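Okay, model02.cif is below, mmCIF, C-alpha atoms and all ligand atoms:
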data_coords
#
loop_
_atom_site.label_atom_id
_atom_site.label_comp_id
_atom_site.auth_asym_id
_atom_site.auth_seq_id
_atom_site.Cartn_x
_atom_site.Cartn_y
_atom_site.Cartn_z
CA MET A 1 105.71 -43.23 36.23
CA ASN A 2 105.95 -46.59 38.08
CA ASN A 3 106.26 -45.19 41.58
CA THR A 4 104.95 -41.66 41.18
CA LEU A 5 101.35 -42.86 41.22
CA ILE A 6 101.65 -44.91 44.40
CA GLY A 7 99.73 -43.34 47.28
CA THR A 8 97.80 -41.04 44.92
CA THR A 9 94.30 -41.09 43.54
CA PHE A 10 93.99 -41.89 39.82
CA GLY A 11 90.43 -41.20 38.68
CA SER A 12 88.28 -43.01 41.23
CA TYR A 13 91.05 -45.39 42.29
CA PHE A 14 93.57 -45.15 45.11
CA VAL A 15 96.90 -46.64 43.88
CA ILE A 16 98.59 -48.96 46.39
CA GLU A 17 101.51 -50.73 44.69
CA HIS A 18 103.17 -51.38 41.34
CA LEU A 19 102.55 -54.99 40.24
CA GLY A 20 104.57 -55.09 37.05
CA ALA A 21 105.00 -53.76 33.53
CA GLY A 22 104.52 -55.51 30.22
CA GLY A 23 105.17 -54.58 26.62
CA MET A 24 103.18 -51.37 26.74
CA ALA A 25 101.57 -50.63 30.11
CA SER A 26 102.15 -50.62 33.86
CA VAL A 27 99.89 -52.51 36.25
CA TYR A 28 99.04 -51.38 39.80
CA ARG A 29 97.09 -52.80 42.69
CA ALA A 30 94.49 -50.20 43.65
CA ARG A 31 91.29 -49.68 45.63
CA ARG A 32 88.13 -48.34 44.08
CA LEU A 33 86.69 -45.30 45.88
CA PRO A 34 84.54 -45.15 47.85
CA ASP A 35 83.84 -48.90 48.37
CA ASN A 36 87.53 -49.97 48.69
CA TYR A 37 87.05 -52.88 46.27
CA GLN A 38 90.49 -54.20 45.30
CA VAL A 39 91.36 -53.99 41.57
CA ALA A 40 94.28 -54.11 39.14
CA LEU A 41 94.77 -50.88 37.21
CA LYS A 42 96.53 -51.05 33.87
CA ILE A 43 97.71 -47.65 32.64
CA LEU A 44 99.11 -46.77 29.23
CA PRO A 45 102.05 -44.40 29.82
CA LEU A 46 101.94 -40.83 28.46
CA HIS A 47 104.54 -41.36 25.75
CA LEU A 48 102.41 -44.15 24.21
CA ALA A 49 99.13 -42.39 24.94
CA ALA A 50 100.44 -39.48 22.82
CA ASN A 51 99.94 -41.74 19.80
CA ASP A 52 96.29 -41.09 18.89
CA THR A 53 95.84 -44.30 16.89
CA LEU A 54 97.22 -46.39 19.70
CA ARG A 55 95.09 -44.64 22.32
CA HIS A 56 91.90 -45.13 20.36
CA ARG A 57 92.66 -48.76 19.64
CA PHE A 58 93.45 -49.37 23.32
CA LEU A 59 90.03 -48.09 24.30
CA ARG A 60 88.23 -49.80 21.41
CA GLU A 61 89.79 -53.17 22.23
CA ALA A 62 88.89 -52.62 25.88
CA GLU A 63 85.30 -52.05 24.90
CA THR A 64 85.26 -55.33 22.99
CA ALA A 65 86.93 -57.26 25.81
CA ALA A 66 84.47 -55.79 28.33
CA HIS A 67 81.72 -57.85 26.66
CA LEU A 68 83.47 -61.14 27.39
CA GLN A 69 82.03 -62.93 30.38
CA HIS A 70 83.43 -66.35 31.19
CA PRO A 71 84.56 -68.01 34.46
CA HIS A 72 88.13 -68.23 33.09
CA ILE A 73 88.44 -64.78 31.53
CA LEU A 74 89.77 -62.09 33.85
CA PRO A 75 86.84 -59.68 34.12
CA LEU A 76 87.34 -56.15 32.86
CA ILE A 77 85.50 -53.94 35.35
CA ASP A 78 85.95 -50.52 33.80
CA PHE A 79 88.06 -48.51 31.37
CA GLY A 80 88.57 -44.85 30.60
CA GLU A 81 91.06 -42.03 30.30
CA GLU A 82 92.58 -39.91 33.07
CA ALA A 83 95.08 -37.07 32.65
CA GLY A 84 95.56 -38.12 29.03
CA MET A 85 96.37 -41.73 29.95
CA PRO A 86 93.96 -44.51 28.95
CA TYR A 87 93.48 -47.15 31.64
CA LEU A 88 91.79 -50.49 32.25
CA VAL A 89 90.39 -51.71 35.54
CA MET A 90 90.51 -55.48 35.99
CA GLN A 91 89.65 -57.89 38.74
CA TYR A 92 92.72 -58.28 40.95
CA ALA A 93 94.10 -61.84 40.70
CA ASP A 94 95.55 -62.97 44.05
CA GLY A 95 97.52 -65.95 42.75
CA ASP A 96 100.72 -66.14 40.71
CA THR A 97 100.87 -65.94 36.94
CA LEU A 98 101.55 -69.15 35.00
CA GLU A 99 104.87 -67.53 34.04
CA LYS A 100 105.84 -67.46 37.72
CA ARG A 101 104.73 -71.07 38.26
CA LEU A 102 106.84 -72.20 35.30
CA GLU A 103 109.97 -70.73 36.89
CA SER A 104 110.17 -73.88 39.01
CA GLY A 105 110.03 -76.19 35.97
CA PRO A 106 107.41 -78.38 34.29
CA LEU A 107 104.02 -78.86 35.92
CA PRO A 108 102.40 -82.14 37.05
CA VAL A 109 100.33 -83.52 34.15
CA ALA A 110 97.10 -83.24 36.17
CA ASP A 111 97.74 -79.49 36.54
CA VAL A 112 98.58 -79.20 32.84
CA VAL A 113 95.29 -80.85 31.85
CA CYS A 114 93.31 -78.70 34.25
CA ILE A 115 94.87 -75.35 33.29
CA LEU A 116 94.65 -76.19 29.60
CA ALA A 117 90.95 -77.08 29.86
CA GLU A 118 90.17 -73.81 31.65
CA VAL A 119 92.11 -71.59 29.23
CA ALA A 120 90.74 -73.51 26.23
CA GLY A 121 87.18 -72.88 27.44
CA ALA A 122 87.94 -69.17 27.75
CA LEU A 123 89.50 -69.02 24.28
CA ASP A 124 86.65 -70.87 22.59
CA HIS A 125 84.21 -68.49 24.26
CA ALA A 126 86.06 -65.48 22.80
CA HIS A 127 86.55 -67.07 19.38
CA ALA A 128 82.84 -67.83 19.16
CA ARG A 129 82.30 -64.07 19.54
CA GLY A 130 84.86 -63.17 16.89
CA ILE A 131 87.55 -62.05 19.34
CA ILE A 132 91.14 -63.24 18.90
CA HIS A 133 93.45 -62.90 21.90
CA ARG A 134 96.71 -62.38 19.92
CA ASP A 135 99.00 -62.71 22.94
CA ILE A 136 98.47 -66.07 24.63
CA LYS A 137 101.46 -66.60 26.91
CA PRO A 138 102.08 -67.67 30.52
CA GLY A 139 102.33 -64.00 31.64
CA ASN A 140 98.72 -63.48 30.56
CA ILE A 141 97.40 -66.53 32.42
CA LEU A 142 96.74 -65.56 36.02
CA PHE A 143 95.31 -67.52 38.95
CA ASP A 144 92.76 -66.46 41.52
CA ASP A 145 93.01 -67.35 45.22
CA ARG A 146 91.44 -70.79 44.56
CA GLY A 147 93.96 -71.64 41.83
CA SER A 148 91.50 -71.17 39.00
CA ALA A 149 93.09 -69.93 35.74
CA LEU A 150 92.07 -66.52 34.37
CA LEU A 151 93.00 -65.44 30.88
CA ALA A 152 93.93 -61.74 30.75
CA ASP A 153 94.62 -59.03 28.18
CA PHE A 154 92.23 -59.92 25.37
CA GLY A 155 93.23 -58.18 22.19
CA ILE A 156 94.90 -55.29 23.96
CA ALA A 157 98.42 -56.54 24.55
CA ARG A 158 99.28 -56.54 20.86
CA LEU A 159 98.15 -53.15 19.71
CA MET A 160 101.53 -52.12 18.47
CA ASN A 161 102.79 -53.60 15.23
CA ALA A 162 105.80 -55.92 15.16
CA ASP A 163 108.29 -53.13 14.41
CA GLU A 164 107.20 -51.17 17.45
CA HIS A 165 107.41 -54.34 19.55
CA LEU A 166 110.96 -54.90 18.38
CA THR A 167 111.93 -51.41 19.51
CA ALA A 168 110.10 -51.61 22.86
CA ALA A 169 112.64 -52.85 25.40
CA GLY A 170 111.96 -56.53 26.09
CA GLY A 171 108.52 -56.15 24.50
CA PHE A 172 108.66 -58.54 21.58
CA LEU A 173 111.39 -60.77 22.95
CA GLY A 174 109.04 -62.24 25.56
CA THR A 175 106.18 -62.58 23.13
CA ALA A 176 108.00 -63.86 20.04
CA ALA A 177 108.37 -67.19 21.81
CA TYR A 178 104.58 -67.72 21.61
CA ALA A 179 103.85 -66.09 18.23
CA SER A 180 102.36 -68.21 15.44
CA PRO A 181 104.19 -68.45 12.08
CA GLU A 182 101.52 -66.26 10.42
CA GLN A 183 101.85 -63.75 13.25
CA CYS A 184 105.64 -63.73 12.74
CA ARG A 185 105.04 -62.93 9.07
CA GLY A 186 102.67 -60.09 10.00
CA GLU A 187 99.69 -61.74 8.30
CA GLU A 188 95.99 -61.46 9.13
CA LEU A 189 95.22 -63.57 12.21
CA THR A 190 92.50 -66.14 12.79
CA PRO A 191 91.60 -68.11 15.98
CA ALA A 192 94.11 -70.75 14.77
CA SER A 193 96.89 -68.33 15.73
CA ASP A 194 95.75 -68.43 19.40
CA ILE A 195 95.64 -72.24 19.19
CA TYR A 196 99.29 -72.28 18.07
CA SER A 197 100.28 -69.99 20.97
CA LEU A 198 98.36 -72.21 23.39
CA GLY A 199 100.31 -75.15 21.92
CA VAL A 200 103.56 -73.38 22.84
CA VAL A 201 102.25 -72.82 26.38
CA LEU A 202 101.30 -76.52 26.53
CA PHE A 203 104.81 -77.55 25.41
CA GLU A 204 106.29 -75.34 28.11
CA MET A 205 103.95 -76.60 30.86
CA LEU A 206 104.85 -80.21 30.00
CA THR A 207 108.60 -79.85 29.50
CA GLY A 208 109.62 -76.66 31.31
CA THR A 209 111.22 -75.40 28.08
CA LEU A 210 110.11 -73.50 25.00
CA PRO A 211 109.84 -75.38 21.69
CA PHE A 212 111.58 -72.52 19.88
CA ASP A 213 114.12 -70.36 21.62
CA GLY A 214 117.07 -68.25 20.59
CA PRO A 215 119.25 -65.26 21.41
CA THR A 216 117.14 -62.75 19.42
CA PRO A 217 113.47 -62.34 18.47
CA LEU A 218 114.44 -62.80 14.82
CA ALA A 219 116.09 -66.15 15.56
CA ILE A 220 112.91 -67.31 17.33
CA ILE A 221 110.69 -66.04 14.52
CA HIS A 222 112.76 -67.95 11.99
CA GLN A 223 112.26 -71.18 13.96
CA HIS A 224 108.48 -70.69 14.24
CA ILE A 225 108.33 -70.31 10.48
CA SER A 226 110.60 -73.10 9.36
CA GLU A 227 111.83 -75.46 12.13
CA PRO A 228 109.99 -78.71 12.92
CA VAL A 229 108.43 -79.16 16.36
CA PRO A 230 111.06 -80.61 18.72
CA ASN A 231 110.41 -83.89 20.52
CA PRO A 232 108.99 -83.14 24.01
CA LEU A 233 110.10 -86.59 25.23
CA LYS A 234 113.71 -85.42 25.03
CA HIS A 235 112.97 -83.16 27.99
CA ARG A 236 110.47 -85.42 29.74
CA PRO A 237 110.84 -89.09 28.75
CA ASP A 238 107.94 -90.25 30.95
CA LEU A 239 105.44 -88.57 28.60
CA PRO A 240 103.44 -90.90 26.32
CA LEU A 241 104.29 -90.94 22.61
CA ASP A 242 100.75 -89.76 21.75
CA ILE A 243 101.50 -86.31 23.14
CA THR A 244 104.07 -85.68 20.39
CA GLU A 245 101.29 -86.04 17.80
CA VAL A 246 99.06 -83.64 19.72
CA LEU A 247 101.83 -81.05 19.91
CA ARG A 248 102.66 -81.50 16.24
CA LYS A 249 99.06 -80.79 15.32
CA ALA A 250 98.74 -77.82 17.70
CA LEU A 251 102.02 -76.34 16.42
CA ALA A 252 101.46 -77.06 12.72
CA LYS A 253 102.93 -74.35 10.49
CA LEU A 254 99.72 -74.19 8.45
CA PRO A 255 96.75 -72.83 10.44
CA GLY A 256 94.32 -75.16 8.64
CA ILE A 257 96.04 -78.27 10.03
CA ARG A 258 95.75 -77.23 13.68
CA TYR A 259 92.90 -78.19 16.04
CA ARG A 260 89.61 -76.58 15.05
CA SER A 261 89.03 -75.38 18.62
CA ALA A 262 91.05 -74.97 21.78
CA SER A 263 88.76 -77.42 23.58
CA ALA A 264 89.37 -80.08 20.91
CA MET A 265 93.08 -79.67 21.60
CA SER A 266 92.52 -79.82 25.36
CA GLU A 267 90.48 -83.03 24.99
CA ALA A 268 93.20 -84.58 22.80
CA VAL A 269 95.78 -83.77 25.47
CA ARG A 270 93.64 -85.32 28.20
CA HIS A 271 93.24 -88.43 26.08
CA ALA A 272 96.96 -88.66 25.31
CA LEU A 273 97.85 -88.30 29.01
CA ARG A 274 95.08 -90.55 30.33
CA GLU A 275 97.41 -93.23 31.68
CA LEU A 276 99.65 -90.76 33.48
CA LEU A 277 96.55 -89.09 34.88
CA GLY A 278 95.47 -92.40 36.36
CA THR A 279 98.71 -92.58 38.35
CA GLN A 280 98.81 -88.99 39.55
CA PRO A 281 96.43 -87.27 41.92
CA LEU A 282 94.19 -84.74 40.20
CA ALA A 283 94.75 -81.08 40.96
CA GLU A 284 92.36 -79.61 43.51
CA ASN A 285 90.56 -77.55 40.90
CA ALA A 286 90.52 -80.23 38.22
CA PRO A 287 87.45 -80.05 36.01
CA PRO A 288 84.87 -82.74 36.70
CA ILE A 289 85.59 -85.97 34.84
CA GLY A 290 82.77 -86.79 32.47
CA PRO A 291 82.20 -88.54 29.18
CA ASP A 292 84.82 -87.53 26.63
CA PRO A 293 82.92 -85.95 23.75
CA VAL A 294 85.83 -86.38 21.34
CA PHE A 295 86.94 -89.91 22.09
CA ASP A 296 83.74 -91.20 23.66
CA LYS A 297 85.62 -93.11 26.33
CA PRO A 298 84.62 -91.96 29.79
CA PRO A 299 87.60 -92.44 32.11
CA HIS A 300 86.95 -94.77 35.05
CA SER A 301 90.17 -94.18 36.97
CA TYR A 302 88.16 -92.77 39.87
CA SER A 303 86.28 -94.94 42.32
CA SER A 304 82.64 -94.57 41.53
CA PRO A 305 79.85 -97.12 41.94
CA PRO A 306 79.19 -99.12 38.76
CA PRO A 307 76.49 -97.57 36.59
CA ILE A 308 72.93 -98.74 37.22
CA PRO A 309 71.75 -100.82 34.23
CA ASP A 310 69.09 -99.12 32.11
CA ARG A 311 66.66 -102.01 32.66
CA LEU A 312 66.80 -101.53 36.43
CA LEU A 313 66.38 -97.79 36.09
CA ARG A 314 63.27 -98.37 33.99
CA ASP A 315 61.85 -100.78 36.59
CA LEU A 316 62.57 -98.38 39.45
CA ALA A 317 61.20 -95.36 37.70
CA PRO A 318 57.68 -94.31 38.73
CA GLN A 319 55.28 -95.57 36.06
CA PRO A 320 53.26 -92.93 34.26
CA PRO A 321 49.51 -93.47 34.43
CA ALA A 322 48.27 -95.60 31.53
CA PRO A 323 46.76 -93.44 28.79
CA ALA A 324 42.97 -93.61 28.63
CA SER A 325 42.19 -95.88 25.73
CA GLN A 326 39.25 -95.21 23.39
CA SER A 327 38.35 -98.87 22.98
CA SER A 328 38.30 -99.80 26.71
CA PRO A 329 36.35 -97.27 28.72
CA GLU A 330 36.96 -99.11 32.04
CA PRO A 331 39.51 -97.45 34.30
CA ALA A 332 42.87 -99.21 34.43
CA ILE A 333 43.22 -101.46 37.47
CA SER A 334 46.52 -102.14 39.17
CA PRO A 335 47.46 -105.85 39.60
CA LEU A 336 46.92 -105.60 43.35
CA LEU A 337 43.45 -104.14 42.97
CA ALA A 338 42.65 -106.76 40.31
CA ASP A 339 43.03 -109.56 42.95
CA VAL A 340 40.53 -107.87 45.26
CA THR A 341 38.00 -107.18 42.51
CA ALA A 342 38.18 -110.90 41.37
CA GLU A 343 37.06 -112.23 44.83
CA PRO A 344 33.22 -111.94 44.40
CA ASP A 345 33.44 -113.90 41.11
CA ARG A 346 35.21 -116.79 42.84
CA ARG A 347 32.57 -116.87 45.63
CA ALA A 348 29.71 -117.04 43.10
CA TRP A 349 31.32 -120.06 41.44
CA LEU A 350 31.68 -121.76 44.86
CA TRP A 351 27.96 -121.30 45.68
CA MET A 352 27.00 -122.66 42.28
CA TRP A 353 29.08 -125.85 42.77
CA LEU A 354 27.64 -126.35 46.27
CA ALA A 355 24.09 -126.08 44.90
CA VAL A 356 24.82 -128.64 42.16
CA ALA A 357 26.39 -131.01 44.72
CA ALA A 358 23.33 -130.64 47.02
CA MET A 359 20.97 -131.37 44.14
CA LEU A 360 22.97 -134.49 43.17
CA ALA A 361 22.93 -135.67 46.79
CA ALA A 362 19.14 -135.19 46.91
CA VAL A 363 18.64 -137.18 43.67
CA VAL A 364 20.90 -140.02 44.97
CA ALA A 365 18.93 -140.05 48.26
CA LEU A 366 15.54 -140.26 46.44
CA ILE A 367 16.72 -143.17 44.25
CA ALA A 368 18.08 -145.04 47.27
CA PHE A 369 14.80 -144.48 49.19
CA ALA A 370 12.74 -145.83 46.20
CA ILE A 371 14.93 -148.99 45.87
CA LEU A 372 14.86 -149.83 49.57
CA ARG A 373 11.09 -149.54 49.77
N1 LIG A 401 94.58 -58.43 37.10
C1 LIG A 401 95.77 -58.57 37.66
N2 LIG A 401 95.87 -58.95 38.94
C2 LIG A 401 97.07 -59.11 39.54
N3 LIG A 401 98.25 -58.90 38.90
C3 LIG A 401 98.22 -58.51 37.61
C4 LIG A 401 96.99 -58.32 36.92
N4 LIG A 401 97.28 -57.97 35.65
C5 LIG A 401 98.61 -57.92 35.56
N5 LIG A 401 99.19 -58.24 36.73
C6 LIG A 401 100.62 -58.28 37.02
O1 LIG A 401 101.25 -57.25 36.31
C7 LIG A 401 102.29 -57.77 35.48
C8 LIG A 401 102.35 -56.97 34.19
O2 LIG A 401 101.20 -57.23 33.45
P1 LIG A 401 101.13 -56.81 31.90
O3 LIG A 401 99.89 -57.40 31.34
O4 LIG A 401 101.31 -55.36 31.77
O5 LIG A 401 102.42 -57.49 31.31
P2 LIG A 401 102.65 -58.85 30.57
O6 LIG A 401 101.44 -59.68 30.68
O7 LIG A 401 103.92 -59.41 31.10
O8 LIG A 401 102.89 -58.39 29.08
P3 LIG A 401 101.82 -57.93 28.01
O9 LIG A 401 101.94 -56.44 27.93
O10 LIG A 401 102.26 -58.57 26.77
O11 LIG A 401 100.48 -58.37 28.49
C9 LIG A 401 101.93 -59.23 35.28
O12 LIG A 401 103.05 -60.02 35.07
C10 LIG A 401 101.24 -59.60 36.57
O13 LIG A 401 102.20 -60.01 37.51
MG MG A 402 99.54 -59.09 30.32
#
Let me see the structure of the file written as structure tokens.
Ligand SMILES: Nc1ncnc2c1ncn2[C@@H]1O[C@H](COP(=O)(O)OP(=O)(O)OP(=O)(O)O)[C@@H](O)[C@H]1O
Ligand SMILES: [Mg+2]
Amino acid sequence: MNNTLIGTTFGSYFVIEHLGAGGMASVYRARRLPDNYQVALKILPLHLAANDTLRHRFLREAETAAHLQHPHILPLIDFGEEAGMPYLVMQYADGDTLEKRLESGPLPVADVVCILAEVAGALDHAHARGIIHRDIKPGNILFDDRGSALLADFGIARLMNADEHLTAAGGFLGTAAYASPEQCRGEELTPASDIYSLGVVLFEMLTGTLPFDGPTPLAIIHQHISEPVPNPLKHRPDLPLDITEVLRKALAKLPGIRYRSASAMSEAVRHALRELLGTQPLAENAPPIGPDPVFDKPPHSYSSPPPIPDRLLRDLAPQPPAPASQSSPEPAISPLLADVTAEPDRRAWLWMWLAVAAMLAAVVALIAFAILR
């Protein structure tokens, strides 16, 4: 099917090129008719669409994902069914996938922190709405033309059960590397499963290698379930020791031991890498640096003016008018006005003293006149 659709119209979309194929669907770049808006079209092939359960779940998951609106979640524009094939219409992402970026090795720590923060925000947003991604991996993290991360394929990439994945060529092999231990055992998933997968992505972004790898999906699954987390410093000795603790917590075998939210994990990573971040330039799209809600230590590695003391701020702030008091009906007078209003009082005192002095002088003059006579 990959090339047969190119140059044809599929529903209200004109198919331009084949972008790639994942575990279950093929993705095309297309233009919406009639406004020519560029989109990515994900089509479930006929042989999978023949499975009624799968088709219905594909559309149901799409409906759920369509409600997610977040700056770092790839927007789902439309979904439907055409010629018996269910399809999704997504925003077209101009940039590479994270998978592609990782082909050239580990990423600068500033990029790691930035990408992690963006994806963590997207995940927390979905988790808060009861949606679990189930397939967090670098292939599902795309970038737009400004380098901003976009999390794709919410809930839809893992519709088939593990057995079907194992039989789909290359399907489970790619994904097993990011699967949580409970996912490997086929258990019910919670948001903690996505946090584990994000921990694997973090390990890979920092070291350029997977924490658990092997020749077969079963070998990888076995490691997720029972092998301890390898030391990332073996691959990248310049990393601080603190990061090993963060990875150990993110990749804990028991879901209850992992970070409670993706953002808590992202903050812990930023804290662990704070010294390296101070020595490396921040990525262009780095999130704004602000007070750290987890560790309460705002970083000051950037050159900003020292904070204005509270006292000064209070003095500079415009003063609210004094509340009218019940016991003093007179209007409040500003200190400047008070000087002016005090002037007549001072003059009255002056006249009084002059009068007393004149009277004294007159008395002294009378006495002197009487003596001299
Ligand atoms: N919205 C998009 N914009 C641009 N390219 C995309 C988009 N969605 C997918 N692609 C491209 O199509 C390829 C296949 O995507 P697809 O989601 O089918 O596979 P996958 O992510 O590798 O596996 P999975 O089926 O587990 O999600 C991706 O690797 C990516 O290069
Ligand atoms: Mg995908």
TODO: Grab the CA of Arg134 in chain A to atom P2 of ligand LIG 401 (chain A) distance for me, in Å with one decimal place.
DONE: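 Taking CA of Arg134 in chain A as the start and atom P2 of ligand LIG 401 (chain A) as the end point, the length is 12.7 Å.
Atom pair atom O13 of ligand LIG 401 (chain A) / CA of Leu41 in chain A has a distance of 11.8 Å (rounded to one decimal).
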Open item on the list: I'd like the interatomic distance between CA of His47 in chain A and CA of Lys100 in chain A, to a tenth of an Å.
Closed with: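 Between CA of His47 in chain A and CA of Lys100 in chain A the gap works out to 28.7 Å.
Ranking A:Ala93, A:Ala152, A:Ile371, A:Cys184 by their shortest atom-to-atom distance to ligand MG 402 (chain A), with all atoms listed in the file included, puts A:Ala152 first.
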Task: Close residues to ligand LIG 401 (chain A) using only C-alpha atoms and all ligand atoms, limit 6 Å, as a PyMOL selection string - done: chain A and resi 19-27+40+90-93+139-140+153+157
Edge lengths and centre, in Å to one decimal, as AutoDock Vina command-line options: that's what I need for the box along x, y and z that holds all listed atoms of range 102-119 of chain A plus 3 Å on each side.
--center_x 100.2 --center_y -77.1 --center_z 34.1 --size_x 26.0 --size_y 18.8 --size_z 15.8
Task: Given only C-alpha atoms and all ligand atoms as the counted atoms, nearest of A:Leu198, A:Leu142, A:Ala65, A:Leu102 to ligand MG 402 (chain A) - done: A:Leu142
Task: From A:Asp213, A:Ser148, A:Leu206, A:Glu81, residue lying nearest Tyr178 in chain A [all atoms listed in the file] - done: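 Nearest candidate to Tyr178 in chain A out of A:Asp213, A:Ser148, A:Leu206, A:Glu81: A:Asp213.
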